[in-house]
Structure formats: C-alpha cells, structure tokens
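Visitor: The structure that follows is given in the form of structure tokens.
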Amino acid sequence: MTNKSIDIKNKIIVKTGLPKEISLEGIKTEKAYQLSRECGMFKIPKTILIDKEKGILITTYIKNIKPLSNLLNSKQGEMEKLIKMAGRSLGVIHKNLTLSSKNAIEFSNFFDTDKEDPCAFLHGDFNLNNLQYDLSYNLIILDWDITPVVGQGINHGPIYWDIFCFVNAIFVSPPYSNIFSKRRHYLKRKKMADLFISSYEQNSKTKLKKSSIKKYADMINSIFSNQSRSKHKLHYHLLEESNRENFKKYFTELTK
Ligand SMILES: Nc1ncnc2c1ncn2[C@@H]1O[C@H](COP(=O)(O)OP(=O)(O)O)[C@@H](O)[C@H]1O
Ligand SMILES: [Mg+2]
C-alpha cells in the first residue's frame with residue numbers, strides 16, 4: 001500500500017493510510033480472522049476497529065512473534081513445518097476466504113490474465129516477513145494487503161500470484177548466497193519451495209499448470225527485479241541478482 005504507516009501503541013497495532021485501501025485491508029483481515037478460528041491452522045490479529053472515513057485500522061498485538069525469514073539459516077525442522085503449514089493455509093485461504101463482490105478489486109484490471117486461471121481473494125503480499133511464528137512455532141499471517149510493489153488495492157486475482165510471491169521470497173530473501181555456497185543455497189531453498197507447493201496442491205486439491213506457473217512466476221520476477229534494480233542498483237547487482245537467477249532456474253525447471 002502507498003502512504004501507509006504502522007504504529008505499535010500500548011500493545012495495539014494502528015495502521016493508517018488511504019481510507020478505501022485501509023478499509024478493504026480491515027475487512028479482509030476480519031474475514032481471515034474468522035477463517036483462522038474455524039480452521040485452526042494459523043493465527044491472525046483480531047480487528048478492534050476499522051474507521052472507513054479516516055482510514056484507520058486497529059488490531060490486537062500478538063506477542064513474541066518473528067518473521068519466517070529469521071529461520072532461513074537455522075532451525076531447519078521448524079522452518080519446514082512452518083513452510084508446509086503456510087502452503088496448507090494458503091490453500092484454505094484461497095478456497096474459503098470470500099468478500100462481497102462489491103469489495104473486489106480485480107487483478108485483471110491492471111495486468112494481463114488468462115480467463116482459465118483459477119482466481120480467489122488473495123492475501124496479496126504472502127512472503128517471509130508477513131508470515132511469522134511465535135514461541136511455540138505457530139504460524140501467524142500479517143499484512144493482508146497487496147504488496148506495495150504493485151499497490152492499487154488489488155485483492156482478487158489468480159491464485160498463482162500468492163503462490164509465486166512466496167516462492168520468490170524463498171529464493172530472494174537474505175541471507176544471500178556467495179560463489180562458494182551457491183549450489184548448497186539453491187538446493188536448500190528448492191526443498192522449501194517444493195514443500196510449499198506440494199502442501200498447497202495437496203490441501204487445496206489443485207494441480208498447478210505449467211503454462212500458468214511460467215507466466216506468473218515470470219511476471220513476479222520482473223516486477224520485483226525492476227523495482228529492486230531501480231531503487232537499490234548496487235545491492236541488486238552485488239547480492240540479489242544471483243539469487244534471482246536461482247528463482248528463475250527453479251521455475252524454469254518446474255515448467256519443463
Ligand atoms: N498484530 C501484530 N502483532 C505484533 N506485531 C505486528 C502486528 N502487526 C504488525 N506487526 C509488526 O509490524 C511489522 C509490519 O507490519 P505489517 O502489517 O507487515 O505492515 P507493513 O505494511 O508495514 O509491512 C511486522 O513485520 C511485525 O513486526
Ligand atoms: Mg508487511
């Protein structure tokens with residue numbers, strides 16, 4: 001989201017921003033909270049207040065949580081369990097999270113899509129920072145709004161968007177590889193991506209299509225790499241680029 005800010009006050013979370021975007025994020029967070037209670041697979045902050053005129057969303061603060069990216073180089077067993085749970089949870093979210101159609105902002109209004117691709121209400125920014133874990137390694141899902149790299153408040157579109165944003169994050173989140181660790185790094189991240197995709201497919205009973213994987217993974221790769229190259233050119237070339245090549249290699253192999 002653009003112009004968004006977040007404030008942690010007295011153990012509550014206060015998000016402010018454009019009224020329309022904040023209210024849609026609030027409505028989606030509320031629905032996701034209900035779903036989390038029904039399925040018991042993940043936790044979500046509870047919505048306390050949505051001020052639709054002023055653009056304010058207040059939710060509960062969840063104690064002692066940390067982003068999944070913290071576990072990329074440690075606690076492999078716990079990370080694998082969380083990644084599986086993330087895949088299963090995303091399957092449930094895509095199947096069961098529904099907003100009224102008047103609240104839908106379509107991905108297809110901004111990007112080329114194929115009518116045959118299955119669509120759902122999206123998390124929008126499913127990555128290793130918005131997915132967190134607590135002291136008992138429960139999965140917490142935060143930030144129910146489209147990535148600021150895209151914006152526009154998009155909340156409904158192809159399931160491939162959320163799935164490959166997460167796979168993108170698996171390959172491209174630091175710590176980065178170096179020339180000595182490149183292959184080991186690739187294999188480790190590939191294992192996580194495979195686990196995530198197979199958990200999604202098993203739980204949602206959806207088989208991902210090779211042509212759609214290629215199309216959306218390519219789209220995500222170029223959107224994120226263009227943004228990163230234009231904002232942090234040196235960082236991109238020194239660190240991110242070779243990890244992005246790994247992401248490309250992965251989805252190219254998947255679609256062979
Ligand atoms: N409900 C919450 N409980 C505890 N910490 C939170 C909560 N919501 C957000 N945070 C903290 O604030 C950070 C940013 O929140 P997020 O919702 O992802 O907003 P942003 O749009 O800025 O990414 C999170 O990574 C987390 O550290
Ligand atoms: Mg976030």
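Note on naming: chains are A, B, ... as they come in the structure tokens, residues start from 1 per chain, ligands start from 1 in the order shown.
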For segment 98-102 of chain A, find every residue with an atom within 7 Å (counting only C-alpha atoms), except residues of its own chain fewer than 2 positions away, and show them as JSON, numbers by chain.

Guide: {"A": [96, 104, 121]}

Visitor: For the residues in the current selection, export C-alpha atoms as a PDB file, in the first residue's frame.

Guide:
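Done, and the output landed in part39.pdb:
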ATOM      1  CA  ASN A  96     -12.657 -20.255   1.794  1.00  0.00           C
ATOM      2  CA  ALA A 104     -13.387  -6.951  -5.115  1.00  0.00           C
ATOM      3  CA  PHE A 121      -9.405 -13.420  -2.882  1.00  0.00           C
TER       4      PHE A 121
END

Visitor: Check which residues fall inside 7 Å of ligand 1 when counting only C-alpha atoms and all ligand atoms, and print them as a ChimeraX atom specification.

Guide: /A:1,4-6,13,45,59-63,65-67,129-130,142-143

Visitor: Find the residues near Ser225 of chain A: any atom within 10 Å, counting only C-alpha atoms, skip ones fewer than 6 places away on the same chain, and give them as a list in words.

Guide: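 What passes the distance filter is Val172, Met219, Lys231, Tyr236, Glu240, Glu241 and Arg244 of chain A.
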
Visitor: Write out as a list in words each polymer residue whose atoms come within 10 Å of Cys39 of chain A, counting only C-alpha atoms; drop sequence neighbours fewer than 5 positions from it.

Guide: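 Near neighbours after the sequence-gap exclusion: Gln34, Ser89, Val92 and Ile93 of chain A.
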
Visitor: So how far away is atom CA of Asn127 of chain A from atom CA of Ile56 of chain A, in Å?

Guide: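 Answer for the atom CA of Ile56 of chain A to atom CA of Asn127 of chain A separation: 23.6 Å.
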
Visitor: What's around Asp162 of chain A at 10 Å? Count only C-alpha atoms, leave out sequence neighbours fewer than 2 positions away in its own chain, and write the answer as a list in words.

Guide: Leu90, His94, Ala120, Phe121, Leu122, His123, Gly124, Asp125, Phe126, Asn127, Ile146, Gly157, Pro158, Ile159, Tyr160, Phe164, Cys165, Phe166, Val167, Asn168, Tyr216 and Ile220 of chain A

Visitor: List every residue of segment 29-102 of chain A that DSSP, applied to the backbone of this structure, assigns to strand (DSSP E), and report them as a PyMOL selection string.

Guide: chain A and resi 47-51+56-60+66-67

Visitor: Pick out the closest residue to ligand 2 from this set: A:Ile197, A:Leu131, A:Ile163, A:Ala86. Count only C-alpha atoms and all ligand atoms.

Guide: A:Leu131

Visitor: Excluding same-chain residues fewer than 3 positions from Phe171 of chain A, what lies within 12 Å of it counting only C-alpha atoms, as an NGL selection string?

Guide: :A and (69 or 72 or 127-128 or 164-168 or 174-177 or 182 or 185-194 or 221 or 240-251)

Visitor: For the structure I just gave you, how does DSSP split segment 36-119 of chain A - specifically, which residues are alpha helix (DSSP H)? Reply as a PyMOL selection string.

Guide: chain A and resi 36-39+76-96

Visitor: Taking C-alpha atoms for each residue, export the selection above as a short mmCIF file (atom, residue, chain, number, x, y, z; two decimals), in the first residue's frame.

Guide:
data_model
loop_
_atom_site.label_atom_id
_atom_site.label_comp_id
_atom_site.auth_asym_id
_atom_site.auth_seq_id
_atom_site.Cartn_x
_atom_site.Cartn_y
_atom_site.Cartn_z
CA SER A 36 -8.33 -18.80 11.24
CA ARG A 37 -10.64 -19.61 14.16
CA GLU A 38 -12.58 -22.13 12.05
CA CYS A 39 -9.61 -23.99 10.59
CA GLN A 76 15.54 -26.30 9.56
CA GLY A 77 12.99 -28.74 11.03
CA GLU A 78 10.82 -25.95 12.45
CA MET A 79 11.14 -23.96 9.22
CA GLU A 80 9.99 -26.93 7.15
CA LYS A 81 6.93 -27.43 9.37
CA LEU A 82 6.06 -23.74 9.06
CA ILE A 83 6.53 -23.80 5.28
CA LYS A 84 4.20 -26.82 4.98
CA MET A 85 1.66 -25.06 7.17
CA ALA A 86 1.98 -21.94 5.00
CA GLY A 87 1.19 -23.99 1.87
CA ARG A 88 -1.78 -25.72 3.50
CA SER A 89 -3.05 -22.44 4.95
CA LEU A 90 -2.85 -20.61 1.64
CA GLY A 91 -4.90 -23.43 0.07
CA VAL A 92 -7.59 -22.91 2.73
CA ILE A 93 -7.48 -19.14 2.31
CA HIS A 94 -7.93 -19.35 -1.46
CA LYS A 95 -10.78 -21.84 -1.09
CA ASN A 96 -12.66 -20.25 1.79
#

Visitor: From the options A:Thr147, A:Asn73, A:Thr255, A:Leu57, which residue's atoms come nearest to ligand 2, counting only C-alpha atoms and all ligand atoms?

Guide: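 Looking at the shortest contact to ligand 2, the residue is A:Thr147.
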
Visitor: For Asn64 of chain A, find every residue with an atom within 10 Å (counting only C-alpha atoms), except residues of its own chain fewer than 4 positions away, and show them as a list in words.

Guide: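 My list of contacting residues is Gln132, Tyr133, Asp134, Leu135 and Ser136 of chain A.
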